[in-house]
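Asker: Have a peek at my_file-v5.pdb (PDB, C-alpha atoms).
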```pdb
ATOM      1  CA  MET A   1      16.658 -34.493 -14.272
ATOM      2  CA  ALA A   2      16.784 -32.976 -17.739
ATOM      3  CA  ILE A   3      17.178 -29.218 -17.860
ATOM      4  CA  ALA A   4      15.428 -27.330 -20.632
ATOM      5  CA  PRO A   5      16.535 -23.971 -22.130
ATOM      6  CA  GLU A   6      16.386 -20.798 -20.025
ATOM      7  CA  GLY A   7      16.728 -22.661 -16.746
ATOM      8  CA  LEU A   8      13.642 -24.851 -16.953
ATOM      9  CA  GLU A   9      13.146 -28.362 -15.673
ATOM     10  CA  ALA A  10      10.370 -30.875 -16.049
ATOM     11  CA  PRO A  11       7.396 -30.151 -13.774
ATOM     12  CA  THR A  12       7.196 -31.904 -10.442
ATOM     13  CA  GLU A  13       4.168 -34.045  -9.732
ATOM     14  CA  VAL A  14       1.488 -32.244  -7.749
ATOM     15  CA  ASP A  15      -0.458 -34.511  -5.423
ATOM     16  CA  LEU A  16      -3.944 -33.017  -5.263
ATOM     17  CA  GLU A  17      -7.364 -34.441  -4.565
ATOM     18  CA  GLU A  18      -9.299 -35.443  -7.645
ATOM     19  CA  SER A  19     -11.982 -32.916  -6.713
ATOM     20  CA  ALA A  20      -9.491 -30.052  -6.976
ATOM     21  CA  PHE A  21      -9.205 -28.193 -10.249
ATOM     22  CA  ASP A  22      -6.364 -29.301 -12.500
ATOM     23  CA  VAL A  23      -3.409 -27.226 -11.374
ATOM     24  CA  ARG A  24      -1.221 -28.792 -14.028
ATOM     25  CA  ALA A  25      -3.493 -27.420 -16.729
ATOM     26  CA  LEU A  26      -3.068 -23.891 -15.356
ATOM     27  CA  VAL A  27       0.485 -23.766 -14.087
ATOM     28  CA  ASN A  28       2.790 -23.426 -17.065
ATOM     29  CA  ALA A  29       5.470 -26.084 -17.004
ATOM     30  CA  PRO A  30       8.338 -26.792 -16.841
ATOM     31  CA  VAL A  31       9.586 -25.365 -13.520
ATOM     32  CA  ILE A  32      11.829 -22.309 -13.797
ATOM     33  CA  THR A  33      15.150 -23.098 -12.124
ATOM     34  CA  SER A  34      17.283 -20.092 -13.072
ATOM     35  CA  ALA A  35      17.041 -16.407 -12.213
ATOM     36  CA  ALA A  36      18.428 -15.808 -15.704
ATOM     37  CA  ASN A  37      15.092 -16.868 -17.191
ATOM     38  CA  SER A  38      13.654 -13.985 -19.225
ATOM     39  CA  SER A  39      10.375 -13.891 -17.240
ATOM     40  CA  ILE A  40      12.248 -13.768 -13.932
ATOM     41  CA  LYS A  41      14.619 -11.063 -15.161
ATOM     42  CA  ALA A  42      11.687  -8.947 -16.354
ATOM     43  CA  ALA A  43       9.858  -9.330 -13.036
ATOM     44  CA  ALA A  44      13.006  -8.659 -10.994
ATOM     45  CA  LYS A  45      13.318  -5.222 -12.613
ATOM     46  CA  LEU A  46      10.066  -4.269 -10.865
ATOM     47  CA  ALA A  47      11.890  -4.197  -7.538
ATOM     48  CA  ALA A  48      13.318  -0.849  -8.650
ATOM     49  CA  ARG A  49      11.262   2.318  -8.983
ATOM     50  CA  LYS A  50      12.441   2.892 -12.552
ATOM     51  CA  GLY A  51      11.357  -0.588 -13.556
ATOM     52  CA  ARG A  52       7.911  -0.056 -12.054
ATOM     53  CA  ARG A  53       7.566   3.319 -13.738
ATOM     54  CA  ASP A  54       8.687   2.011 -17.138
ATOM     55  CA  GLU A  55       6.428  -1.057 -17.097
ATOM     56  CA  GLY A  56       3.477   0.198 -15.048
ATOM     57  CA  LEU A  57       3.687  -2.964 -12.936
ATOM     58  CA  PHE A  58       4.737  -3.862  -9.392
ATOM     59  CA  LEU A  59       5.480  -6.928  -7.292
ATOM     60  CA  VAL A  60       3.071  -8.438  -4.774
ATOM     61  CA  GLU A  61       4.637 -10.842  -2.296
ATOM     62  CA  GLY A  62       3.059 -13.542  -0.142
ATOM     63  CA  PRO A  63      -0.357 -15.245  -0.003
ATOM     64  CA  GLN A  64      -2.119 -12.441   1.866
ATOM     65  CA  ALA A  65      -1.127  -9.695  -0.559
ATOM     66  CA  VAL A  66      -1.615 -11.946  -3.587
ATOM     67  CA  SER A  67      -5.125 -12.827  -2.419
ATOM     68  CA  GLU A  68      -5.959  -9.104  -2.219
ATOM     69  CA  ALA A  69      -4.686  -8.597  -5.766
ATOM     70  CA  VAL A  70      -5.922 -11.859  -7.231
ATOM     71  CA  ASP A  71      -8.395 -10.302  -9.663
ATOM     72  CA  GLN A  72      -5.746  -7.887 -10.931
ATOM     73  CA  LEU A  73      -2.703 -10.132 -11.340
ATOM     74  CA  VAL A  74      -1.091 -10.456 -14.726
ATOM     75  CA  GLU A  75       1.472 -13.032 -13.599
ATOM     76  CA  LEU A  76       2.086 -15.257 -10.591
ATOM     77  CA  PHE A  77       5.264 -17.110  -9.656
ATOM     78  CA  ILE A  78       4.829 -19.914  -7.126
ATOM     79  CA  THR A  79       6.950 -22.740  -5.785
ATOM     80  CA  PRO A  80       5.699 -26.324  -6.300
ATOM     81  CA  GLU A  81       5.586 -26.709  -2.518
ATOM     82  CA  ALA A  82       3.268 -23.704  -2.153
ATOM     83  CA  VAL A  83       0.854 -25.053  -4.781
ATOM     84  CA  HIS A  84      -0.572 -27.618  -2.352
ATOM     85  CA  GLY A  85      -1.838 -25.064   0.157
ATOM     86  CA  HIS A  86      -3.186 -22.484  -2.273
ATOM     87  CA  VAL A  87      -5.298 -24.334  -4.816
ATOM     88  CA  HIS A  88      -8.246 -21.955  -4.503
ATOM     89  CA  LEU A  89      -5.998 -18.912  -4.814
ATOM     90  CA  LEU A  90      -4.439 -20.369  -7.947
ATOM     91  CA  ARG A  91      -7.836 -21.075  -9.394
ATOM     92  CA  ASP A  92      -8.986 -17.513  -8.758
ATOM     93  CA  ALA A  93      -5.793 -16.103 -10.284
ATOM     94  CA  ALA A  94      -6.159 -18.302 -13.350
ATOM     95  CA  ASP A  95      -9.837 -17.390 -13.724
ATOM     96  CA  ALA A  96      -8.824 -13.727 -13.684
ATOM     97  CA  GLY A  97      -6.380 -14.347 -16.526
ATOM     98  CA  ALA A  98      -3.060 -14.415 -14.669
ATOM     99  CA  ARG A  99      -0.189 -16.348 -16.218
ATOM    100  CA  ILE A 100       1.004 -18.809 -13.570
ATOM    101  CA  ARG A 101       4.586 -20.093 -13.481
ATOM    102  CA  THR A 102       6.146 -22.557 -11.062
ATOM    103  CA  VAL A 103       9.651 -21.695  -9.862
ATOM    104  CA  THR A 104      12.176 -23.165  -7.466
ATOM    105  CA  PRO A 105      12.501 -21.566  -3.995
ATOM    106  CA  GLU A 106      15.921 -20.235  -5.028
ATOM    107  CA  VAL A 107      14.452 -18.451  -8.037
ATOM    108  CA  LEU A 108      11.593 -17.043  -5.959
ATOM    109  CA  ARG A 109      14.146 -15.483  -3.618
ATOM    110  CA  ALA A 110      15.449 -13.491  -6.590
ATOM    111  CA  LEU A 111      12.034 -11.790  -6.763
ATOM    112  CA  ALA A 112      11.124 -11.597  -3.084
ATOM    113  CA  ASP A 113      11.917  -8.676  -0.807
ATOM    114  CA  THR A 114      11.681 -10.675   2.420
ATOM    115  CA  VAL A 115      14.387 -12.907   3.896
ATOM    116  CA  THR A 116      12.034 -15.900   4.065
ATOM    117  CA  PRO A 117       9.592 -15.711   1.138
ATOM    118  CA  GLN A 118       6.156 -17.301   1.566
ATOM    119  CA  GLY A 119       6.137 -19.236  -1.669
ATOM    120  CA  MET A 120       4.659 -16.808  -4.167
ATOM    121  CA  VAL A 121       5.210 -13.453  -5.832
ATOM    122  CA  GLY A 122       2.679 -11.837  -8.144
ATOM    123  CA  VAL A 123       2.858  -9.052 -10.708
ATOM    124  CA  ALA A 124       0.039  -6.494 -10.762
ATOM    125  CA  PRO A 125      -0.610  -3.324 -12.781
ATOM    126  CA  ILE A 126      -0.242   0.110 -11.230
ATOM    127  CA  ARG A 127      -3.515   1.983 -11.400
ATOM    128  CA  GLN A 128      -2.847   5.390 -12.894
ATOM    129  CA  VAL A 129      -5.027   7.944 -11.089
ATOM    130  CA  ALA A 130      -4.699  11.707 -11.475
ATOM    131  CA  LEU A 131      -5.564  14.216  -8.770
ATOM    132  CA  ALA A 132      -8.176  15.737 -11.084
ATOM    133  CA  ASP A 133      -9.919  12.365 -11.273
ATOM    134  CA  ILE A 134     -10.576  12.205  -7.563
ATOM    135  CA  LEU A 135     -11.235  15.833  -6.558
ATOM    136  CA  PRO A 136     -14.821  16.239  -7.838
ATOM    137  CA  THR A 137     -16.180  13.765  -5.274
ATOM    138  CA  ALA A 138     -13.481  13.728  -2.575
ATOM    139  CA  ARG A 139     -14.381  14.588   1.014
ATOM    140  CA  PHE A 140     -11.318  13.206   2.771
ATOM    141  CA  LEU A 141      -7.749  12.987   1.479
ATOM    142  CA  VAL A 142      -4.439  12.113   3.112
ATOM    143  CA  VAL A 143      -1.518  13.961   1.525
ATOM    144  CA  LEU A 144       2.120  12.954   2.038
ATOM    145  CA  ASP A 145       4.843  15.493   1.316
ATOM    146  CA  GLY A 146       8.430  14.242   1.465
ATOM    147  CA  VAL A 147       7.618  11.003   3.297
ATOM    148  CA  SER A 148      10.555   8.767   2.439
ATOM    149  CA  ASP A 149      10.207   5.617   4.523
ATOM    150  CA  PRO A 150       8.355   2.857   2.619
ATOM    151  CA  GLY A 151       7.239   1.106   5.792
ATOM    152  CA  ASN A 152       5.674   4.333   7.060
ATOM    153  CA  ALA A 153       4.060   4.969   3.687
ATOM    154  CA  GLY A 154       2.516   1.499   3.539
ATOM    155  CA  THR A 155       1.229   1.771   7.093
ATOM    156  CA  ILE A 156      -0.305   5.161   6.298
ATOM    157  CA  VAL A 157      -2.034   3.748   3.223
ATOM    158  CA  ARG A 158      -3.459   0.986   5.411
ATOM    159  CA  THR A 159      -4.629   3.521   8.002
ATOM    160  CA  ALA A 160      -6.151   5.835   5.397
ATOM    161  CA  ASP A 161      -8.025   2.878   3.948
ATOM    162  CA  ALA A 162      -9.361   1.868   7.357
ATOM    163  CA  ALA A 163     -10.361   5.444   8.218
ATOM    164  CA  GLY A 164     -12.337   5.889   5.018
ATOM    165  CA  ALA A 165     -10.107   8.277   3.078
ATOM    166  CA  ASP A 166     -10.975   8.732  -0.582
ATOM    167  CA  ALA A 167      -7.331   8.601  -1.662
ATOM    168  CA  VAL A 168      -3.734   9.039  -0.548
ATOM    169  CA  VAL A 169      -1.810  11.706  -2.442
ATOM    170  CA  PHE A 170       1.978  11.376  -2.727
ATOM    171  CA  VAL A 171       3.666  14.691  -3.491
ATOM    172  CA  ARG A 172       6.679  14.475  -5.793
ATOM    173  CA  GLY A 173       9.753  13.515  -3.787
ATOM    174  CA  SER A 174       7.874  11.086  -1.563
ATOM    175  CA  VAL A 175       8.519   7.351  -1.556
ATOM    176  CA  ASP A 176       6.896   5.157  -4.190
ATOM    177  CA  PRO A 177       3.893   3.436  -2.523
ATOM    178  CA  TYR A 178       4.475   0.461  -4.858
ATOM    179  CA  ASN A 179       7.881  -0.172  -3.308
ATOM    180  CA  PRO A 180       7.844  -3.832  -2.147
ATOM    181  CA  LYS A 181       8.202  -2.856   1.517
ATOM    182  CA  ALA A 182       5.407  -0.286   1.238
ATOM    183  CA  VAL A 183       3.125  -2.777  -0.494
ATOM    184  CA  ARG A 184       3.792  -5.308   2.251
ATOM    185  CA  ALA A 185       3.165  -2.759   5.026
ATOM    186  CA  SER A 186      -0.142  -1.777   3.444
ATOM    187  CA  THR A 187      -1.387  -5.388   3.895
ATOM    188  CA  GLY A 188      -3.418  -5.156   0.718
ATOM    189  CA  SER A 189      -4.721  -1.597   1.068
ATOM    190  CA  VAL A 190      -2.847  -0.523  -2.078
ATOM    191  CA  PHE A 191      -5.628  -2.422  -3.881
ATOM    192  CA  HIS A 192      -8.469  -0.790  -1.945
ATOM    193  CA  LEU A 193      -8.169   2.942  -2.569
ATOM    194  CA  PRO A 194      -6.648   5.298  -5.148
ATOM    195  CA  LEU A 195      -2.992   6.231  -4.724
ATOM    196  CA  ILE A 196      -2.046   9.405  -6.565
ATOM    197  CA  THR A 197       1.697   9.718  -7.118
ATOM    198  CA  GLY A 198       4.112  12.297  -8.479
ATOM    199  CA  VAL A 199       1.912  15.280  -7.603
ATOM    200  CA  ASP A 200       3.671  18.617  -8.004
ATOM    201  CA  PRO A 201       3.619  20.629  -4.743
ATOM    202  CA  GLU A 202       2.026  23.527  -6.610
ATOM    203  CA  GLU A 203      -0.934  21.258  -7.452
ATOM    204  CA  LEU A 204      -1.949  21.186  -3.785
ATOM    205  CA  HIS A 205      -3.731  24.495  -4.392
ATOM    206  CA  THR A 206      -6.159  22.659  -6.663
ATOM    207  CA  ILE A 207      -7.339  20.681  -3.642
ATOM    208  CA  ALA A 208      -8.397  23.903  -1.951
ATOM    209  CA  ASP A 209      -9.928  25.123  -5.210
ATOM    210  CA  ALA A 210     -12.061  21.950  -5.193
ATOM    211  CA  GLY A 211     -13.536  22.951  -1.833
ATOM    212  CA  LEU A 212     -11.441  20.944   0.658
ATOM    213  CA  GLN A 213      -9.731  22.571   3.610
ATOM    214  CA  LEU A 214      -6.039  21.661   3.779
ATOM    215  CA  LEU A 215      -4.724  21.100   7.287
ATOM    216  CA  ALA A 216      -0.971  20.948   7.793
ATOM    217  CA  ALA A 217       0.116  18.599  10.564
ATOM    218  CA  ASP A 218       2.788  20.409  12.575
ATOM    219  CA  VAL A 219       3.843  19.521  16.093
ATOM    220  CA  HIS A 220       4.738  23.200  16.668
ATOM    221  CA  ALA A 221       1.423  24.628  15.424
ATOM    222  CA  SER A 222      -0.571  26.783  17.821
ATOM    223  CA  VAL A 223      -3.988  25.443  16.812
ATOM    224  CA  PRO A 224      -5.002  22.082  18.360
ATOM    225  CA  LEU A 225      -6.718  19.579  16.117
ATOM    226  CA  ASP A 226      -9.879  19.492  18.224
ATOM    227  CA  GLU A 227     -10.537  23.190  17.592
ATOM    228  CA  VAL A 228     -10.957  22.695  13.845
ATOM    229  CA  ASP A 229     -14.197  21.700  12.146
ATOM    230  CA  LEU A 230     -13.369  18.342  10.559
ATOM    231  CA  SER A 231     -16.893  17.626   9.357
ATOM    232  CA  VAL A 232     -16.284  19.603   6.156
ATOM    233  CA  PRO A 233     -14.314  18.155   3.209
ATOM    234  CA  THR A 234     -10.749  17.903   4.487
ATOM    235  CA  ALA A 235      -7.252  17.063   3.266
ATOM    236  CA  LEU A 236      -4.698  16.221   5.949
ATOM    237  CA  VAL A 237      -1.157  17.103   4.875
ATOM    238  CA  PHE A 238       1.826  15.383   6.490
ATOM    239  CA  GLY A 239       5.566  15.798   6.010
ATOM    240  CA  GLY A 240       8.434  13.425   6.686
ATOM    241  CA  GLU A 241       9.515  12.885  10.273
ATOM    242  CA  ALA A 242      12.939  14.437   9.684
ATOM    243  CA  ALA A 243      12.327  17.456   7.455
ATOM    244  CA  GLY A 244       8.627  18.062   7.999
ATOM    245  CA  LEU A 245       6.482  19.855   5.427
ATOM    246  CA  SER A 246       7.928  21.882   2.577
ATOM    247  CA  SER A 247       7.229  25.621   2.523
ATOM    248  CA  VAL A 248       5.129  25.174  -0.625
ATOM    249  CA  ALA A 249       2.916  22.614   1.122
ATOM    250  CA  VAL A 250       2.513  24.810   4.198
ATOM    251  CA  GLU A 251       1.521  27.779   2.039
ATOM    252  CA  ALA A 252      -1.156  25.691   0.328
ATOM    253  CA  CYS A 253      -2.768  24.832   3.682
ATOM    254  CA  SER A 254      -5.396  26.980   5.356
ATOM    255  CA  VAL A 255      -4.132  26.270   8.870
ATOM    256  CA  SER A 256      -1.490  24.237  10.698
ATOM    257  CA  VAL A 257      -2.676  22.037  13.544
ATOM    258  CA  HIS A 258      -1.143  19.873  16.219
ATOM    259  CA  ILE A 259      -2.346  16.849  18.175
ATOM    260  CA  PRO A 260      -2.569  17.739  21.879
ATOM    261  CA  ILE A 261      -0.029  15.780  23.928
ATOM    262  CA  ALA A 262      -0.843  14.790  27.498
ATOM    263  CA  THR A 263       1.445  16.366  30.095
ATOM    264  CA  THR A 264       0.522  14.093  32.978
ATOM    265  CA  GLN A 265       3.033  14.127  35.815
ATOM    266  CA  ARG A 266       3.656  10.811  37.569
ATOM    267  CA  ASP A 267       5.241  10.271  40.970
ATOM    268  CA  GLY A 268       8.935   9.592  40.603
ATOM    269  CA  TYR A 269       8.992  10.467  36.888
ATOM    270  CA  SER A 270       9.373  13.691  34.948
ATOM    271  CA  GLY A 271       8.599  14.936  31.469
ATOM    272  CA  HIS A 272       6.118  13.683  28.913
ATOM    273  CA  ALA A 273       5.957  12.453  25.334
ATOM    274  CA  GLU A 274       7.346  14.999  22.899
ATOM    275  CA  SER A 275       5.180  13.953  19.971
ATOM    276  CA  LEU A 276       3.724  11.015  18.056
ATOM    277  CA  ASN A 277       5.498   9.292  15.212
ATOM    278  CA  LEU A 278       4.195   9.924  11.715
ATOM    279  CA  ALA A 279       2.095   6.786  11.319
ATOM    280  CA  ALA A 280       0.485   7.285  14.737
ATOM    281  CA  ALA A 281      -0.235  10.948  13.999
ATOM    282  CA  VAL A 282      -1.912  10.003  10.720
ATOM    283  CA  ALA A 283      -4.050   7.455  12.566
ATOM    284  CA  VAL A 284      -5.204   9.951  15.195
ATOM    285  CA  MET A 285      -6.026  12.690  12.711
ATOM    286  CA  ALA A 286      -7.574  10.394  10.106
ATOM    287  CA  TYR A 287      -9.942   8.835  12.610
ATOM    288  CA  SER A 288     -10.816  12.289  13.919
ATOM    289  CA  VAL A 289     -11.908  13.236  10.407
ATOM    290  CA  ASN A 290     -13.735   9.948  10.014
ATOM    291  CA  SER A 291     -15.624  10.534  13.251
ATOM    292  CA  ALA A 292     -16.513  14.132  12.427
ATOM    293  CA  GLN A 293     -17.715  13.262   8.935
ATOM    294  CA  SER A 294     -19.795  10.337  10.175
ATOM    295  CA  HIS A 295     -22.287  12.740  11.825
ATOM    296  CA  PRO A 296     -21.677  11.724  15.456
ATOM    297  CA  SER A 297     -24.579  13.956  16.583
ATOM    298  CA  THR A 298     -26.992  11.372  15.177
ATOM    299  CA  LYS A 299     -25.545   8.611  17.325
ATOM    300  CA  THR A 300     -27.061   7.624  20.664
ATOM    301  CA  PRO A 301     -24.677   8.401  23.549
ATOM    302  CA  PRO A 302     -23.505   5.331  25.460
ATOM    303  CA  THR A 303     -25.455   4.469  28.603
ATOM    304  CA  PRO A 304     -23.468   5.217  31.783
TER     305      PRO A 304
END
```
Spell out the structure here as structure tokens.
Answerer:
Amino acid sequence: MAIAPEGLEAPTEVDLEESAFDVRALVNAPVITSAANSSIKAAAKLAARKGRRDEGLFLVEGPQAVSEAVDQLVELFITPEAVHGHVHLLRDAADAGARIRTVTPEVLRALADTVTPQGMVGVAPIRQVALADILPTARFLVVLDGVSDPGNAGTIVRTADAAGADAVVFVRGSVDPYNPKAVRASTGSVFHLPLITGVDPEELHTIADAGLQLLAADVHASVPLDEVDLSVPTALVFGGEAAGLSSVAVEACSVSVHIPIATTQRDGYSGHAESLNLAAAVAVMAYSVNSAQSHPSTKTPPTP
């Protein structure tokens, strides 16, 4: 097979039903066969935080995440084998203006963060949102201070999305939520709600100035979560599992709260759970806010 410049080869034939849209008219040929290709090298830089910051773009891996981002994609790399099963996704991406390139599985692995890529990696723009943009209408924020694990961060974004938060705020020093692992853990939620990054710890005071109570999550706090009125505009502030909240973040909060831990004693066993992990704690507190702000008093109690 003839190899063209920059690691390209002639396109493979795509066996599609006549009723399907013409993939060959949308997928730019020939197939990219080398990770040294300029488009691949440019996309590969987005795996690093500096590359994402410089370009304002990030990588989206796999059909599920790509489908969530399909109307925002600027570029999509897909293997010829994956084309067959994702005709409609390709059509939607093309209709939204994405540039579609076919690549060999080996080249796709140069872009993918997983051990066994699922046949496609997209490139999407980072939405730049400032804290001042969201505060005028915010009633529920999740704030992360010093959270460093991308898997935790992505899971928290997913939870905040499901619990109805208006945004997730990442204080400077926290992990980049557009890290490939974080994006994957969010299962598409990075495209559903604002993510505010690089916030200076001193800016947390502006949240209180906007009328939201800031609650610091602290396993050693004396005030239990269920003693606080969560029906008012609220920002939940969480620190990393190892270091916890910074002193600046704690000072910005009106009160520190803890999630009550059951101390049930069981025959033949001793002790009880020390605490919840970060993602679980966010889930408990976020849904508590969601419930309180959903006016539960208007709901009909369940019939015994």
Asker: I'd like the neighbourhood of range 230-234 of chain A as a PyMOL selection string, where a residue qualifies if any of its atoms comes within 10 Å (using only C-alpha atoms), though same-chain residues fewer than 3 positions away should be ignored.
Answerer: chain A and resi 137-142+165+207-208+210-215+225-227+237+285-286+288-296
Asker: Using all atoms listed in the file, which protein or nucleic acid residues come within 9 Å of range 101-116 of chain A? Drop anything in the same chain fewer than 6 positions from it, and give the result as a PyMOL selection string.
Answerer: chain A and resi 8+11+26-35+40-41+43-47+59-62+75-81+83+180-181
Asker: Which of these, A:Asp145, A:Asp161, A:Asp71, A:Asp209, has the shortest distance to Val123 in chain A once you count all atoms listed in the file?
Answerer: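 The closest residue to Val123 in chain A is A:Asp71.
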Asker: Might you pull out every residue within 9 Å of His258 in chain A, with only C-alpha atoms counted and same-chain residues fewer than 4 positions away left off, and present them as a PyMOL selection string?
Answerer: chain A and resi 216-226
Asker: Could you check which of A:Glu68, A:Glu203, A:Asp176, A:Asp267 is closest to Gly151 in chain A, using only C-alpha atoms?
Answerer: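 Checking each candidate against Gly151 in chain A, we get A:Asp176 as the closest.
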Asker: Could you tell me how far CA of Thr206 in chain A sits from CA of Pro260 in chain A, in Å to one decimal place?
Answerer: 29.2 Å
Asker: Enter the distance from CA of Ala130 in chain A to CA of Phe238 in chain A, in Å, rounded to one decimal.
Answerer: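 A separation of 19.5 Å between them.
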Asker: Can you tell me, as a PyMOL selection string, what residues are no more than 10 Å from Ser186 in chain A when counting only C-alpha atoms, ignoring any on the same chain fewer than 6 positions away?
Answerer: chain A and resi 65+150-161+177-178+180+192
Asker: A:Ala93, A:Ala262, A:Ala124, A:Ala185: which is nearest Leu57 in chain A, counting only C-alpha atoms?
Answerer: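 When distances to Leu57 in chain A are compared using only C-alpha atoms, the smallest one comes from A:Ala124.
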Asker: Mind pulling up the distance from CA of Leu90 in chain A to CA of Ser67 in chain A?
Answerer: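 That distance, rounded to one decimal, is 9.4 Å.
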Asker: May I ask which of the residues A:Asn179, A:Gln118, A:Gln64, A:Ser174 is the closest one to Ala48 in chain A, counting all atoms listed in the file?
Answerer: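 Nearest candidate to Ala48 in chain A out of A:Asn179, A:Gln118, A:Gln64, A:Ser174: A:Asn179.
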Asker: Let me make sure I understand: among A:Val190, A:Ile261, A:Ala162, A:Cys253, which one has the smallest atom-to-atom distance to Val66 in chain A if we use all atoms listed in the file?
Answerer: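 Selected residue with least distance to Val66 in chain A: A:Val190.
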Asker: Measuring between all atoms listed in the file, which one of A:Leu276, A:Ala167, A:Val228, A:Ala132 shows the shortest distance to Ser256 in chain A?
Answerer: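 Between A:Leu276, A:Ala167, A:Val228, A:Ala132, the residue approaching Ser256 in chain A most closely is A:Val228.
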Asker: Starting from the displayed file, determine the output of the PyMOL selection byres ((chain A and resi 272) around 6) and express the residue list as a list of chain:residue names.
Answerer: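 Against this file, the PyMOL selection byres ((chain A and resi 272) around 6) returns the residues A:Thr263, A:Gly271, A:Ala273.
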Asker: Around all of range 66-81 of chain A's listed atoms, make the axis-aligned box with 6 Å on each side and tell me centre and edge lengths in Å to one decimal, as JSON.
Answerer:
```
{"center_x": -0.7, "center_y": -17.3, "center_z": -8.5, "size_x": 27.3, "size_y": 30.8, "size_z": 24.5}
```
